[in-house]
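Colleague: Can you read through this structure? Questions will come right after.
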Amino acid sequence: MATQSSPTDKAVLLPYLQSGPRRAQVRRFATLCRVVVGATVLATTVLALTRLSVTPYSLLTPHSQATAGPGTPLAVQLDEADFDWFALKPSVDIEWAPCYSGLGEQCARVLLPLDYDTPDGPQTAIALRVIPAADKKNYKGTLFVNPGGPGGSGTGFIGRAGRNISRIVGPEYDVLGFDPRGIGASTPSARCFETDSQRKLWDLQEDRRLLNLTDGSVDVYRAREKLVAARCEEKIGGEWGIAKFAGTHLVARDMLEIAQKLGQEKLQYWGFSYGTILGQYFAAMFPDKVGRVIIDGVFDAYSYRANIWETSLVDTDAVINSFFHFCHEAGPDKCKLWETSPSQIRTRYLNVLRAVETEPLAIPLADPPLVLTRKHLHAQIFGAAYKPLAGFGLVADTIAAIESNNLTALTALAPKIVDPTECSCAAPNQPWLAGSEAMRAVECGDGDEQPFDPQAFEEFYDRSLALSQLATPIWAVNYLSCAEWRVRPKTRWMGPFEAEETANPLLLISPRYDPVCPLADAQAVHSRFGGAGLLVQESYGHCSLSAPSLCTARHVRAYMANGTVPAPGTVCEVDELPFIGRTNASNARVESREDAELLDAMRGLSQALPVSNWR
């Protein structure tokens with residue numbers, strides 16, 4: 001059964017939807033990054049929430065009777081491991097069913113057109129998972145969340161973070177996670193391997209050398225990307241293959257369709273990392289449909305579409321260098337690498353890297369046994385830069401154990417340094433948890449087509465290396481993935497990522513130093529959307545969630561309550577630092593029980609930080 005298309009003004013969007021295989025003329029980046037004069041001025045009047053056209057307790061909301069199909073109640077499944085997404089019958093109308101914890105969460109699979117230009121053609125079934133609002137009397141609608149990626153599961157994110165997000169935005173909101181088309185429990189899936197075990201065996205064959213320009217490793221990495229690209233072209237790249245219909249502009253349209261099926265005329269949204277790209281697409285395509293829209297850990301959509309990778313690393317080394325600073329500030333009781341200056345700690349760290357590069361370290365009793373290489377250590381500190389509170393301690397413990405050749409400690413640490421691999425020939429009980437090639441399908445399909453050119457790659461690698469020597473050998477693989485990708489989407493969004501006015505102002509949030517989404521990107525995006533607010537969090541790490549901040553939580557709550565955006569120049573301090581722990585000023589900032597609740601929720605979110613595919 002085909003879905004009914006929403007009354008989107010196709011005449012407005014059509015000039016910007018590029019149909020393949022035509023390629024739009026590539027515009028120079030300086031032109032792409034034009035700004036709207038005066039767009040940084042905040043709106044003097046904020047629309048009241050009552051103008052968001054929210055329909056509370058509609059028959060289509062998650063508060064309605066849950067069924068798995070007409071007249072077929074679905075029993076509550078209490079255990080997360082037991083829940084079967086594919087037991088839910090997909091439907092054009094959203095039919096909620098109890099799921100997972102049984103504590104009010106509801107799930108559904110909604111059918112949408114794979115191609116909105118062919119509404120009677122094949123469909124995609126989008127997985128939805130919602131925590132209903134606790135305060136039904138003051139109900140304000142449904143907040144969509146996206147954890148990043150591309151490739152991150154929104155339904156999984158709800159399981160990890162949904163209740164803490166609800167505590168921050170307020171009990172008047174439903175909090176809904178969805179798996180974008182091709183991802184997680186949404187079907188068809190963007191998977192190019194026969195089984196998850198086959199993919200894991202393939203991953204085990206990855207070159208243990210760091211990617212660099214001098215030892216032939218580029219040829220090996222390219223060959224691997226060519227193989228994956230060829231498999232994906234065969235598996236998901238046909239006429240109606242999901243790789244041709246996984247674009248971010250289509251996901252933005254999906255969100256609008258789902259919101260309208262829930263009785264809401266405007267979208268309410270909190271997107272992290274790649275989720276900020278999705279937010280920019282939505283606000284540019286549907287400025288009159290913007291409700292409360294937060295983009296957090298902002299990456300510039302112009303850079304994303306142009307496949308400009310190195311700008312992501314502008315602040316990476318600032319975050320990595322904070323490891324040495326905070327270790328020193330914390331003292332020897334809290335950091336095993338403590339020295340009398342940050343520079344001495346850095347020297348110790350780099351000495352270990354060089355030693356492991358010369359002589360990789362065997363950990364024979366690890367499960368499974370492990371040979372630790374320099375590549376592992378690069379990946380470890382780059383990953384820790386995303387969430388310093390959780391990751392920096394592990395880096396210090398690892399380096400200290402290598403220095404002392406403490407194999408007992410390294411054996412215990414090994415599963416945290418490298419994810420253990422278990423292979424099973426049996427089909428997985430939860431196929432929606434299997435890995436996928438969604439990142440390539442989305443990111444490479446959204447981006448300009450740029451076939452591999454040796455000189456261009458060498459120039460890119462050198463520019464990236466000048467920004468971060470530790471992160472570049474890991475990050476640069478993204479460039480090769482898209483250079484070898486072979487499936488072009490049917491359509492792309494080629495319009496501007498800006499709007500002089502949106503129905504409600506956007507809220508942008510950015511750490512001072514983010515390892516892959518620099519503050520400069522947030523500032524550029526902020527200038528393009530009239531009336532938008534920008535909140536800078538004085539922290540290191542990826543997205544605001546990487547460091548708990550009561551100040552940030554208060555601003556999010558105020559924005560969700562009444563649309564208030566921070567005044568220009570607003571900066572929020574954090575309440576917890578790597579190695580050091582809770583700051584002395586934190587207790588003084590907690591003035592009420594609500595403050596304590598907000599800060600506790602932010603601490604919980606820092607453990608569920610969205611990290612997917614290095615973005």
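Labels used: A, B, ... for chains in the order of the structure tokens, numbers from 1 for residues in each chain, and numbers from 1 for ligands as shown.
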Pick out each residue of segment 252-345 of chain A that DSSP on the backbone tags as strand (DSSP E or B); I need them as a list in words.

Modeller: Gln264, Leu267, Gln268, Tyr269, Trp270, Gly271, Phe272, Val290, Gly291, Arg292, Val293, Ile294, Ile295 and Asp296 of chain A

Colleague: Please provide the set of residues having any atom within 12 Å of Lys334 of chain A, restricted to only C-alpha atoms, with same-chain residues fewer than 6 positions apart removed, written as a list in words.

Modeller: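 Surrounding residues, per the criterion: Phe326, Cys327, His328, Phe392, Gly393, Leu394, Ala396, Asp397, Leu577, Pro578, Phe579, Ile580 and Gly581 of chain A.
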
Colleague: Could the residues in this selection be written to a file with C-alpha atoms, as an mmCIF file, in the first residue's frame?

Modeller:
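The result, stored in selection_28.cif:
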```
data_model
loop_
_atom_site.group_PDB
_atom_site.id
_atom_site.type_symbol
_atom_site.label_atom_id
_atom_site.label_comp_id
_atom_site.auth_asym_id
_atom_site.auth_seq_id
_atom_site.Cartn_x
_atom_site.Cartn_y
_atom_site.Cartn_z
ATOM 1 C CA PHE A 326 44.380 17.338 32.710
ATOM 2 C CA CYS A 327 46.654 14.449 33.708
ATOM 3 C CA HIS A 328 49.135 16.976 35.074
ATOM 4 C CA PHE A 392 41.428 9.408 28.991
ATOM 5 C CA GLY A 393 41.848 7.186 32.054
ATOM 6 C CA LEU A 394 42.036 4.099 29.844
ATOM 7 C CA ALA A 396 46.814 6.524 30.797
ATOM 8 C CA ASP A 397 46.389 3.005 32.181
ATOM 9 C CA LEU A 577 36.758 17.340 34.053
ATOM 10 C CA PRO A 578 38.865 14.382 32.863
ATOM 11 C CA PHE A 579 41.000 12.818 35.633
ATOM 12 C CA ILE A 580 40.045 15.655 38.010
ATOM 13 C CA GLY A 581 36.376 14.794 38.421
#
```

Colleague: Mind the document's chain letters and residue numbers, and return as a VMD selection string the residues of segment 373-514 of chain A that DSSP labels helix (DSSP H, G or I).

Modeller: chain A and resid 374 to 386 388 to 403 407 to 417 431 to 433 438 to 446 454 to 467 472 to 475 477 to 484

Colleague: When you draw a straight line from atom CA of Leu262 of chain A to atom CA of Pro171 of chain A, how long is it in Å?

Modeller: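 Straight-line distance from atom CA of Leu262 of chain A to atom CA of Pro171 of chain A works out to 17.8 Å.
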
Colleague: Using only C-alpha atoms, determine which residues lie at most 12 Å from Trp202 of chain A, disregarding the query and same-chain residues fewer than 4 positions distant; provide the list as a list in words.

Modeller: Cys192, Phe193, Glu194, Thr195, Asp196, Ser197, Gln198, Glu206, Asp207, Arg224, Glu225, Leu227, Val228, Thr421, Cys423 and Gly435 of chain A

Colleague: For the atom pair atom CA of Val536 of chain A and atom CA of Arg163 of chain A, what is the interatomic distance in Å to one decimal place?

Modeller: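 Atom CA of Val536 of chain A sits 24.4 Å away from atom CA of Arg163 of chain A.
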
Colleague: Can you tell me, as a PDB file with N, CA and C atoms, in the first residue's frame, what residues are no more than 9 Å from Ile242 of chain A when counting only C-alpha atoms, ignoring any on the same chain fewer than 5 positions away?

Modeller:
```pdb
ATOM      1  N   LEU A 114      10.148   4.633  -0.804  1.00  0.00           N
ATOM      2  CA  LEU A 114      11.590   4.613  -1.008  1.00  0.00           C
ATOM      3  C   LEU A 114      12.005   5.824  -1.839  1.00  0.00           C
ATOM      4  N   THR A 124      10.091   1.778   2.185  1.00  0.00           N
ATOM      5  CA  THR A 124      11.019   1.485   3.270  1.00  0.00           C
ATOM      6  C   THR A 124      10.234   1.453   4.573  1.00  0.00           C
ATOM      7  N   ARG A 181      16.551   5.278   7.131  1.00  0.00           N
ATOM      8  CA  ARG A 181      16.462   4.272   6.076  1.00  0.00           C
ATOM      9  C   ARG A 181      17.815   3.604   5.833  1.00  0.00           C
ATOM     10  N   GLY A 182      17.790   2.270   5.760  1.00  0.00           N
ATOM     11  CA  GLY A 182      19.000   1.484   5.540  1.00  0.00           C
ATOM     12  C   GLY A 182      19.746   1.096   6.791  1.00  0.00           C
ATOM     13  N   THR A 187      14.186  -1.301   7.182  1.00  0.00           N
ATOM     14  CA  THR A 187      14.428  -2.147   6.013  1.00  0.00           C
ATOM     15  C   THR A 187      13.960  -1.424   4.752  1.00  0.00           C
ATOM     16  N   PRO A 188      14.590  -1.738   3.598  1.00  0.00           N
ATOM     17  CA  PRO A 188      15.719  -2.664   3.440  1.00  0.00           C
ATOM     18  C   PRO A 188      16.991  -2.108   4.081  1.00  0.00           C
ATOM     19  N   SER A 189      17.898  -3.006   4.446  1.00  0.00           N
ATOM     20  CA  SER A 189      19.109  -2.601   5.154  1.00  0.00           C
ATOM     21  C   SER A 189      20.266  -2.412   4.172  1.00  0.00           C
ATOM     22  N   ALA A 190      21.172  -1.526   4.534  1.00  0.00           N
ATOM     23  CA  ALA A 190      22.346  -1.238   3.706  1.00  0.00           C
ATOM     24  C   ALA A 190      23.503  -2.151   4.110  1.00  0.00           C
ATOM     25  N   ILE A 236      23.269  -3.744  -2.960  1.00  0.00           N
ATOM     26  CA  ILE A 236      22.314  -2.684  -2.603  1.00  0.00           C
ATOM     27  C   ILE A 236      22.317  -1.533  -3.606  1.00  0.00           C
ATOM     28  N   GLY A 237      22.938  -1.723  -4.767  1.00  0.00           N
ATOM     29  CA  GLY A 237      23.081  -0.636  -5.723  1.00  0.00           C
ATOM     30  C   GLY A 237      22.252  -0.762  -6.978  1.00  0.00           C
ATOM     31  N   ALA A 441      27.014   4.413   2.112  1.00  0.00           N
ATOM     32  CA  ALA A 441      25.853   4.670   1.260  1.00  0.00           C
ATOM     33  C   ALA A 441      25.332   6.087   1.452  1.00  0.00           C
TER      34      ALA A 441
END
```

Colleague: At a cut-off of 12 Å, using only C-alpha atoms, what residues contact Lys416 of chain A? Leave out same-chain residues fewer than 6 positions from it and give the result as a PyMOL selection string.

Modeller: chain A and resi 366-367+370+376-377+379-380+383-384+390-391+393-395+397-398+409-410

Colleague: Using only N, CA and C atoms, please write the residues we just selected to a file, as an mmCIF file, in the first residue's frame.

Modeller:
```cif
data_model
loop_
_atom_site.group_PDB
_atom_site.id
_atom_site.type_symbol
_atom_site.label_atom_id
_atom_site.label_comp_id
_atom_site.auth_asym_id
_atom_site.auth_seq_id
_atom_site.Cartn_x
_atom_site.Cartn_y
_atom_site.Cartn_z
ATOM 1 N N ALA A 366 45.698 -12.588 26.649
ATOM 2 C CA ALA A 366 44.465 -11.856 26.381
ATOM 3 C C ALA A 366 43.470 -12.777 25.684
ATOM 4 N N ASP A 367 42.175 -12.463 25.794
ATOM 5 C CA ASP A 367 41.135 -13.290 25.181
ATOM 6 C C ASP A 367 40.338 -12.443 24.194
ATOM 7 N N LEU A 370 46.470 -11.053 21.674
ATOM 8 C CA LEU A 370 46.567 -9.782 20.959
ATOM 9 C C LEU A 370 48.026 -9.365 20.791
ATOM 10 N N HIS A 376 46.811 0.519 17.033
ATOM 11 C CA HIS A 376 45.856 0.408 18.133
ATOM 12 C C HIS A 376 45.898 1.644 19.028
ATOM 13 N N LEU A 377 47.088 2.143 19.292
ATOM 14 C CA LEU A 377 47.229 3.278 20.206
ATOM 15 C C LEU A 377 46.729 4.569 19.564
ATOM 16 N N ALA A 379 44.282 4.706 17.343
ATOM 17 C CA ALA A 379 42.825 4.590 17.377
ATOM 18 C C ALA A 379 42.296 4.824 18.790
ATOM 19 N N GLN A 380 43.053 4.363 19.780
ATOM 20 C CA GLN A 380 42.594 4.511 21.165
ATOM 21 C C GLN A 380 42.505 5.974 21.577
ATOM 22 N N GLY A 383 39.745 7.823 19.667
ATOM 23 C CA GLY A 383 38.445 7.494 20.245
ATOM 24 C C GLY A 383 38.235 8.165 21.588
ATOM 25 N N ALA A 384 39.292 8.226 22.395
ATOM 26 C CA ALA A 384 39.185 8.871 23.709
ATOM 27 C C ALA A 384 38.924 10.365 23.581
ATOM 28 N N ALA A 390 35.398 9.451 29.854
ATOM 29 C CA ALA A 390 35.402 7.994 29.904
ATOM 30 C C ALA A 390 36.673 7.390 29.342
ATOM 31 N N GLY A 391 37.339 8.098 28.404
ATOM 32 C CA GLY A 391 38.435 7.498 27.659
ATOM 33 C C GLY A 391 39.838 7.829 28.088
ATOM 34 N N GLY A 393 41.295 8.068 31.023
ATOM 35 C CA GLY A 393 41.848 7.186 32.054
ATOM 36 C C GLY A 393 42.350 5.882 31.464
ATOM 37 N N LEU A 394 41.621 5.335 30.502
ATOM 38 C CA LEU A 394 42.036 4.099 29.844
ATOM 39 C C LEU A 394 43.338 4.295 29.080
ATOM 40 N N VAL A 395 43.486 5.445 28.424
ATOM 41 C CA VAL A 395 44.737 5.729 27.712
ATOM 42 C C VAL A 395 45.906 5.758 28.686
ATOM 43 N N ASP A 397 46.146 4.352 31.654
ATOM 44 C CA ASP A 397 46.389 3.005 32.181
ATOM 45 C C ASP A 397 47.132 2.146 31.159
ATOM 46 N N THR A 398 46.756 2.268 29.898
ATOM 47 C CA THR A 398 47.395 1.477 28.847
ATOM 48 C C THR A 398 48.862 1.838 28.683
ATOM 49 N N ALA A 409 48.222 -6.463 33.763
ATOM 50 C CA ALA A 409 47.346 -5.311 33.518
ATOM 51 C C ALA A 409 46.925 -5.244 32.063
ATOM 52 N N LEU A 410 47.840 -5.499 31.139
ATOM 53 C CA LEU A 410 47.514 -5.426 29.713
ATOM 54 C C LEU A 410 46.515 -6.511 29.312
#
```

Colleague: Write out as a list of chain:residue names which residues come within 10 Å of Asp115 of chain A when counting only C-alpha atoms, dropping same-chain ones fewer than 3 positions away.

Modeller: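 Within the cut-off, the hits are A:Leu112, A:Thr118, A:Pro119, A:Asp120, A:Gly121, A:Pro122, A:Gln123, A:Thr124, A:Trp240, A:Ile242, A:Lys244, A:Phe245, A:Ala246, A:Leu250, A:Lys490, A:Thr491.
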
Colleague: Figure out the distance between atom CA of Ile474 of chain A and atom CA of Ser404 of chain A, please, to one decimal in Å.

Modeller: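 Separating atom CA of Ser404 of chain A from atom CA of Ile474 of chain A is a distance of 26.9 Å.
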
Colleague: Kindly provide the residues of segment 197-289 of chain A that approach segment 464-470 of chain A to within 12 Å, each paired with its closest atom pair and their distance in Å to one decimal, based on only C-alpha atoms, listed by chain and increasing number, as a Markdown table.

Modeller:
```
| residue | atom | partner | partner_atom | distance |
| --- | --- | --- | --- | --- |
| A:Leu210 | CA | A:Leu470 | CA | 10.1 |
| A:Leu211 | CA | A:Leu470 | CA | 11.1 |
| A:Asn212 | CA | A:Leu465 | CA | 9.9 |
| A:Leu213 | CA | A:Leu465 | CA | 11.1 |
```

Colleague: Output all heavy atoms for every residue in that selection, as a PDB file, in the first residue's frame.

Modeller:
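Output file result-v9.pdb is given in full below:
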```pdb
ATOM      1  N   LEU A 210      49.589   1.608   9.971  1.00  0.00           N
ATOM      2  CA  LEU A 210      48.918   2.898   9.882  1.00  0.00           C
ATOM      3  C   LEU A 210      48.931   3.361   8.433  1.00  0.00           C
ATOM      4  O   LEU A 210      49.925   3.203   7.726  1.00  0.00           O
ATOM      5  CB  LEU A 210      49.620   3.933  10.760  1.00  0.00           C
ATOM      6  CG  LEU A 210      49.328   3.899  12.249  1.00  0.00           C
ATOM      7  CD1 LEU A 210      50.324   4.767  12.998  1.00  0.00           C
ATOM      8  CD2 LEU A 210      47.909   4.374  12.537  1.00  0.00           C
ATOM      9  N   LEU A 211      47.840   3.952   7.999  1.00  0.00           N
ATOM     10  CA  LEU A 211      47.776   4.490   6.654  1.00  0.00           C
ATOM     11  C   LEU A 211      48.794   5.622   6.507  1.00  0.00           C
ATOM     12  O   LEU A 211      48.817   6.559   7.294  1.00  0.00           O
ATOM     13  CB  LEU A 211      46.368   5.020   6.383  1.00  0.00           C
ATOM     14  CG  LEU A 211      46.107   5.635   5.012  1.00  0.00           C
ATOM     15  CD1 LEU A 211      46.246   4.585   3.923  1.00  0.00           C
ATOM     16  CD2 LEU A 211      44.712   6.266   4.980  1.00  0.00           C
ATOM     17  N   ASN A 212      49.650   5.521   5.518  1.00  0.00           N
ATOM     18  CA  ASN A 212      50.603   6.598   5.237  1.00  0.00           C
ATOM     19  C   ASN A 212      50.986   6.558   3.769  1.00  0.00           C
ATOM     20  O   ASN A 212      50.580   5.653   3.030  1.00  0.00           O
ATOM     21  CB  ASN A 212      51.829   6.508   6.149  1.00  0.00           C
ATOM     22  CG  ASN A 212      52.677   5.299   5.854  1.00  0.00           C
ATOM     23  OD1 ASN A 212      53.515   5.321   4.966  1.00  0.00           O
ATOM     24  ND2 ASN A 212      52.450   4.201   6.588  1.00  0.00           N
ATOM     25  N   LEU A 213      51.776   7.528   3.335  1.00  0.00           N
ATOM     26  CA  LEU A 213      52.051   7.702   1.911  1.00  0.00           C
ATOM     27  C   LEU A 213      53.306   6.986   1.434  1.00  0.00           C
ATOM     28  O   LEU A 213      53.596   7.031   0.229  1.00  0.00           O
ATOM     29  CB  LEU A 213      52.196   9.203   1.600  1.00  0.00           C
ATOM     30  CG  LEU A 213      50.992  10.079   1.923  1.00  0.00           C
ATOM     31  CD1 LEU A 213      51.324  11.554   1.662  1.00  0.00           C
ATOM     32  CD2 LEU A 213      49.769   9.661   1.120  1.00  0.00           C
TER      33      LEU A 213
END
```

Colleague: I'd like the neighbourhood of segment 447-450 of chain A as a ChimeraX atom specification, where a residue qualifies if any of its atoms comes within 6 Å (using only C-alpha atoms), though same-chain residues fewer than 4 positions away should be ignored.

Modeller: /A:305-307,483

Colleague: I need the residue nearest Tyr173 of chain A from this list: A:Glu458, A:Asp135, A:Asp446, A:Glu339. Use only C-alpha atoms for the distance.

Modeller: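 Of A:Glu458, A:Asp135, A:Asp446, A:Glu339, the one nearest Tyr173 of chain A is A:Asp135, counting only C-alpha atoms.
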
Colleague: Kindly indicate which residue among A:Pro548, A:Leu313, A:Ala522, A:Ser481 lies nearest to Ala230 of chain A, using only C-alpha atoms for the distances.

Modeller: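 Distance minimum relative to Ala230 of chain A lands on A:Ser481.
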
Colleague: Ranking A:Ala471, A:Ala252, A:Val574, A:Val169 by minimum distance to Tyr559 of chain A and counting only C-alpha atoms, which one comes first?

Modeller: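 Going through A:Ala471, A:Ala252, A:Val574, A:Val169 one by one, the smallest distance to Tyr559 of chain A is for A:Val169.
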
Colleague: So which one's closest to Arg129 of chain A, A:Leu204, A:Leu350, A:Cys107, A:Ala283? Using only C-alpha atoms, please.

Modeller: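 Result for the nearest residue to Arg129 of chain A: A:Cys107.
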
Colleague: Under the rule that only C-alpha atoms are counted, which of A:Leu507, A:Ala229, A:Leu599, A:Val516 is the nearest residue to Val290 of chain A?

Modeller: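 Selected residue with least distance to Val290 of chain A: A:Leu507.
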
Colleague: Which residues of segment 125-191 of chain A come within 9 Å of segment 268-282 of chain A, and what is each one's closest atom pair and distance in Å (one decimal), counting only C-alpha atoms, sorted by chain and residue number, as a Markdown table?

Modeller:
```
| residue | atom | partner | partner_atom | distance |
| --- | --- | --- | --- | --- |
| A:Gly141 | CA | A:Gln268 | CA | 7.9 |
| A:Thr142 | CA | A:Gln268 | CA | 6.6 |
| A:Leu143 | CA | A:Gln268 | CA | 4.8 |
| A:Phe144 | CA | A:Tyr269 | CA | 4.5 |
| A:Val145 | CA | A:Trp270 | CA | 4.9 |
| A:Asn146 | CA | A:Gly271 | CA | 4.7 |
| A:Pro147 | CA | A:Phe272 | CA | 5.3 |
| A:Gly148 | CA | A:Tyr274 | CA | 4.3 |
| A:Gly149 | CA | A:Tyr274 | CA | 5.4 |
| A:Pro150 | CA | A:Tyr274 | CA | 5.9 |
```
